[in-house]
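Undergrad: Attaching a single structure in structure tokens format; questions to follow.
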Amino acid sequence: MGVTGTVAQVPERAVPTASPPAEGGAAAERPEPAAKQVPHRWERPTGVVEDPWAWLRDRDDPDTIAYLEAENAYADAWFAPRLALTDTLFDEIRSRVQETDESVPVRRGPWWYTTRTEEGRSYAIHCRGPERDTATEVVLLDENLEAERAGGDYFSLGLFDVSPDHRRLAWSSDADGSERYTVRIRDLTTGEDLADELTGTSSWGGAAWSADGRHLLYTMPDDQMRPFQVWRHELGTPQSADVLVADEPDERFFLSVELGRSERWITIESSSKRTSEAWLLPAADPTRDLLPVRPRVEGVEYGVDHWGDRFVVLTNLDAEDFRVMTAPLEQPGAWTELLPHVPGQRITSVEPFEGHLVVHEWARAQQRIRVVGRDGAQRTVDAVAGAGDEPHEVELDANPEWSATTLRYAYQSFTTPPSVYEEDLATGRRELLKRRPAPNVDLDAYVATREWAVAPDGTEVPVDVVRRRDVRPDGSAPCMVYGYGSYEASMTPWFSVGRISLLDRGWTWALVHPRGGGELGRRWYLDGRLLAKRNTFTDTLASVEHLVATGWAHPRRVVLRGGSAGGLLVGACMTMRPDLFAAVVAEVPFVDVVATMSDPSLPLTVTEWEEWGDPREEPFASYIQSYSPYDNTVAAAYPAIYLTAGLNDPRVSYHEPAKWCAKLRALRRGGRPLLLKTEMGAGHGGPSGRYDRWRDEALVTTFALSVVDG
């Protein structure tokens, strides 16, 4: 389990030449879809507003589905003459993946667990074996088979949790992208599922086995998809007989449940965006009353886990970037400092092992790992010798063994595929266990560096750039810029075989780290939320201007891409500076901010008032309206636009990109492409199978290459 220092472990709302190239092909001859306009007036603190496209919120209106299908047909027609390019890009992506592969086996108790994939099959296969070399011997769960049984085009595995005695597997699945999961219990001796079936559960809140494997604690969502209850299920009994363990009436808070790393204590946590409270339950006696840790105090966050003869606590109490405390087993609320607060050095999680702690943190927009002994002695893990200044990701890998004296961690960068290392904590000896194969990729052909842009208020903003070594900063290269910048989510550089297709065509690719993320500490987040949210967008605009000024991007060949809250970033930047971009790609974008955040009946709204503010009152009404993309779409010459949506999306409803597309069609000037692609049987993450995801990536790249290079 470990202890996280980010309270909001919950979902969030949450790519030209001197003159634009002419459009041609079938789509140019096909009339654009036209959404009907129905006057709808509603009152905001800033005045009465008319929204002619509000009717698109009603998915039961036949005109809604007809409009989405018309937009899909229009997008298909636009892509049709470019099918050869899309096929080429898809083949390029596929050629860089070793399709039959397996993960590094992980020992847990008497078994070695692994996951493998097979060429031609879309989903993973989960296995175990008695030895490391035989870890694929016993198939526990074949997602391909379960997807076939589900009978649709979508399949998502949620829970996958083996009981402490290794006899049973609790697993859950979602067959339509709605993120309401059905939990099943599999007997790992026979390979058959038991009669137990728990429907309508939440994967957001997790689950926890009791020590003897007789009980499973799980979470249930309310109508707004908030995990608000923890229930206890006894194997062999119907769901109707399950016992309510915890109930959270405050709509700002999400409940979660998890078995600690030592497997001796279960933690139930209630978290809002800025406050948390926790209770403990002995895993050996799950029917006992909950043991409270500390009552909630507004603005105080903490997480707790068992560490042998004491508890370990990660908290922001009097520590903006968090500190580590310990507490006696008989008094989990009596905290004593172990590791002090260091401003700007944001501790994000602590993993307790029998003989040490592992601390994961951010410092100067870069991740690192510290190992702390029981005596307080500590050292920093040298993630990869010789990595130098290249931006990279270093995360803890699977380390399920409580008594382990080795540490596994994962490393990747823009130029290095995901790699699993294991370090002996006594000797410091490090071994590369596996690097994900990247066939047909010359890794030495690419180089990544960090730039620092300067925001309008003088703040330095990190920007990571990757390119081919032979690309020079002469201002000629097209550039794809990717950003997020919300929820204190820190975006680490990741390796992408899809990105190679752009780089090999002479593009540069940049990852911006605007305020609103967590890369430079909690203050970086606080300065990009609520009434400081516009910093996220102005930081991004400054980063793009920096890339142009330093020659890494052609001034009229920049594509901005982001998804969910990153789609908000795309929309806000585009409406503020439409002249700065040749094209934008906004995937499941959160763009109708005022209307969505004014409606408590929608999923996530109440919990997210602490992130965005409540636009039903000032000063948030005026401030949010000043950047909300839907509200700021006016008659203007916008760049080429590619939007995506999921009809079953519970995080960002399909109607947000749909309404925005309709408004853009009515108001935009010029003939640049405007495409909306809605997945009619999926949700927030788009298609579920890996081949479908590769095809989606090929479509995005096709769009970028077509509208930028003509």
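Chain labels run A, B, ... following the order of the structure tokens; each chain numbers its residues from 1, and ligands are numbered from 1 in the order shown.
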Find the spatial neighbours of A:Pro650, counting only C-alpha atoms, within a cut-off of 10 Å - ignore same-chain residues fewer than 4 positions away - and output them as a VMD selection string.

TA: chain A and resid 11 to 13 177 to 180 224 to 225 602 to 604 646 654 683 to 684

Undergrad: Identify, on the basis of only C-alpha atoms, every residue whose closest approach to stretch 501-515 of chain A does not exceed 9 Å; exclude the query and any residue fewer than 2 positions from it along the same chain; express the result as a ChimeraX atom specification.

TA: /A:89,92-93,365,446,461-468,470-471,477-486,488,490-493,497-499,517-520,523-529,533,535-540,543-544,547,552-553,701,705

Undergrad: Go through A:Trp209, A:Glu251, A:Arg167, A:Gly516 one by one, measure the shortest atom-to-atom distance of each to A:Pro221 using only C-alpha atoms, and give the residue with the smallest value.

TA: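 Smallest distance to A:Pro221 is found for A:Glu251.
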
Undergrad: Which residues come within 9 Å of A:Thr607, counting only C-alpha atoms, excluding same-chain residues fewer than 6 positions away, as a count of residues only?

TA: 7

Undergrad: Counting only C-alpha atoms, what is within 8 Å of A:Ala404, bar same-chain residues fewer than 4 positions away, as a list in words?

TA: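 Here the qualifying residues turn out to be Phe353, Glu354 and Asn399 of chain A.
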
Undergrad: For A:Pro105, find every residue with an atom within 9 Å (counting only C-alpha atoms), except residues of its own chain fewer than 4 positions away, and show them as a PDB file with C-alpha atoms, in the first residue's frame.

TA:
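And here's result.pdb as it stands now:
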```
ATOM      1  CA  TRP A 112       6.077 -15.484  -8.766  1.00  0.00           C
ATOM      2  CA  TYR A 113       3.517 -13.259 -10.507  1.00  0.00           C
ATOM      3  CA  THR A 114       3.751 -11.786 -14.002  1.00  0.00           C
ATOM      4  CA  THR A 115       1.678 -10.350 -16.847  1.00  0.00           C
ATOM      5  CA  ARG A 128       1.908 -17.011 -11.758  1.00  0.00           C
ATOM      6  CA  ARG A 132      10.790 -17.102 -11.453  1.00  0.00           C
ATOM      7  CA  ASP A 133      11.443 -19.008 -14.678  1.00  0.00           C
ATOM      8  CA  ALA A 135       5.958 -17.467 -13.716  1.00  0.00           C
ATOM      9  CA  THR A 136       3.748 -17.825 -16.817  1.00  0.00           C
TER      10      THR A 136
END
```

Undergrad: List every residue of stretch 429-470 of chain A that DSSP, applied to the backbone of this structure, places in strand (DSSP E or B), and write the result as a PyMOL selection string.

TA: chain A and resi 430-435+446-454+460-468

Undergrad: Could the residues in this selection be saved with N, CA and C atoms as a PDB file, in the first residue's frame?

TA:
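That gives us out_28.pdb:
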```
ATOM      1  N   ARG A 430      23.268  -2.594  -8.199  1.00  0.00           N
ATOM      2  CA  ARG A 430      22.055  -2.404  -8.995  1.00  0.00           C
ATOM      3  C   ARG A 430      22.102  -3.307 -10.224  1.00  0.00           C
ATOM      4  N   GLU A 431      20.931  -3.884 -10.560  1.00  0.00           N
ATOM      5  CA  GLU A 431      20.839  -4.764 -11.718  1.00  0.00           C
ATOM      6  C   GLU A 431      19.652  -4.343 -12.581  1.00  0.00           C
ATOM      7  N   LEU A 432      19.884  -4.230 -13.877  1.00  0.00           N
ATOM      8  CA  LEU A 432      18.799  -3.988 -14.826  1.00  0.00           C
ATOM      9  C   LEU A 432      18.116  -5.323 -15.103  1.00  0.00           C
ATOM     10  N   LEU A 433      16.865  -5.453 -14.648  1.00  0.00           N
ATOM     11  CA  LEU A 433      16.145  -6.708 -14.825  1.00  0.00           C
ATOM     12  C   LEU A 433      15.524  -6.811 -16.213  1.00  0.00           C
ATOM     13  N   LYS A 434      15.038  -5.675 -16.710  1.00  0.00           N
ATOM     14  CA  LYS A 434      14.421  -5.714 -18.040  1.00  0.00           C
ATOM     15  C   LYS A 434      14.236  -4.308 -18.557  1.00  0.00           C
ATOM     16  N   ARG A 435      14.470  -4.135 -19.836  1.00  0.00           N
ATOM     17  CA  ARG A 435      14.110  -2.906 -20.543  1.00  0.00           C
ATOM     18  C   ARG A 435      13.115  -3.296 -21.619  1.00  0.00           C
ATOM     19  N   TYR A 446      18.009  10.028 -30.770  1.00  0.00           N
ATOM     20  CA  TYR A 446      17.173  11.064 -30.159  1.00  0.00           C
ATOM     21  C   TYR A 446      17.861  11.642 -28.928  1.00  0.00           C
ATOM     22  N   VAL A 447      17.533  12.880 -28.649  1.00  0.00           N
ATOM     23  CA  VAL A 447      18.112  13.555 -27.493  1.00  0.00           C
ATOM     24  C   VAL A 447      17.030  14.402 -26.840  1.00  0.00           C
ATOM     25  N   ALA A 448      17.071  14.476 -25.512  1.00  0.00           N
ATOM     26  CA  ALA A 448      16.083  15.254 -24.761  1.00  0.00           C
ATOM     27  C   ALA A 448      16.805  16.208 -23.823  1.00  0.00           C
ATOM     28  N   THR A 449      16.255  17.400 -23.677  1.00  0.00           N
ATOM     29  CA  THR A 449      16.841  18.412 -22.799  1.00  0.00           C
ATOM     30  C   THR A 449      15.730  19.155 -22.068  1.00  0.00           C
ATOM     31  N   ARG A 450      16.120  19.846 -21.031  1.00  0.00           N
ATOM     32  CA  ARG A 450      15.168  20.688 -20.296  1.00  0.00           C
ATOM     33  C   ARG A 450      15.437  22.154 -20.603  1.00  0.00           C
ATOM     34  N   GLU A 451      14.353  22.882 -20.900  1.00  0.00           N
ATOM     35  CA  GLU A 451      14.402  24.327 -21.107  1.00  0.00           C
ATOM     36  C   GLU A 451      13.654  24.980 -19.945  1.00  0.00           C
ATOM     37  N   TRP A 452      13.873  26.270 -19.767  1.00  0.00           N
ATOM     38  CA  TRP A 452      13.129  27.031 -18.761  1.00  0.00           C
ATOM     39  C   TRP A 452      12.553  28.280 -19.422  1.00  0.00           C
ATOM     40  N   ALA A 453      11.235  28.320 -19.525  1.00  0.00           N
ATOM     41  CA  ALA A 453      10.553  29.498 -20.049  1.00  0.00           C
ATOM     42  C   ALA A 453      10.299  30.475 -18.907  1.00  0.00           C
ATOM     43  N   VAL A 454       9.972  31.718 -19.247  1.00  0.00           N
ATOM     44  CA  VAL A 454       9.682  32.726 -18.240  1.00  0.00           C
ATOM     45  C   VAL A 454       8.244  33.214 -18.421  1.00  0.00           C
ATOM     46  N   GLU A 460       9.886  31.022 -13.561  1.00  0.00           N
ATOM     47  CA  GLU A 460      10.496  30.093 -14.501  1.00  0.00           C
ATOM     48  C   GLU A 460       9.661  28.817 -14.593  1.00  0.00           C
ATOM     49  N   VAL A 461       9.394  28.381 -15.806  1.00  0.00           N
ATOM     50  CA  VAL A 461       8.537  27.226 -16.061  1.00  0.00           C
ATOM     51  C   VAL A 461       9.336  26.171 -16.818  1.00  0.00           C
ATOM     52  N   PRO A 462       9.446  24.941 -16.281  1.00  0.00           N
ATOM     53  CA  PRO A 462      10.208  23.909 -16.989  1.00  0.00           C
ATOM     54  C   PRO A 462       9.474  23.380 -18.216  1.00  0.00           C
ATOM     55  N   VAL A 463      10.246  23.151 -19.273  1.00  0.00           N
ATOM     56  CA  VAL A 463       9.737  22.603 -20.529  1.00  0.00           C
ATOM     57  C   VAL A 463      10.735  21.557 -21.000  1.00  0.00           C
ATOM     58  N   ASP A 464      10.280  20.326 -21.218  1.00  0.00           N
ATOM     59  CA  ASP A 464      11.155  19.245 -21.661  1.00  0.00           C
ATOM     60  C   ASP A 464      10.974  19.025 -23.157  1.00  0.00           C
ATOM     61  N   VAL A 465      12.068  18.974 -23.893  1.00  0.00           N
ATOM     62  CA  VAL A 465      12.033  18.899 -25.350  1.00  0.00           C
ATOM     63  C   VAL A 465      12.791  17.662 -25.814  1.00  0.00           C
ATOM     64  N   VAL A 466      12.192  16.906 -26.745  1.00  0.00           N
ATOM     65  CA  VAL A 466      12.854  15.758 -27.341  1.00  0.00           C
ATOM     66  C   VAL A 466      12.823  15.927 -28.859  1.00  0.00           C
ATOM     67  N   ARG A 467      13.895  15.456 -29.511  1.00  0.00           N
ATOM     68  CA  ARG A 467      14.019  15.634 -30.953  1.00  0.00           C
ATOM     69  C   ARG A 467      15.037  14.616 -31.469  1.00  0.00           C
ATOM     70  N   ARG A 468      15.145  14.503 -32.758  1.00  0.00           N
ATOM     71  CA  ARG A 468      16.265  13.779 -33.350  1.00  0.00           C
ATOM     72  C   ARG A 468      17.531  14.619 -33.184  1.00  0.00           C
TER      73      ARG A 468
END
```
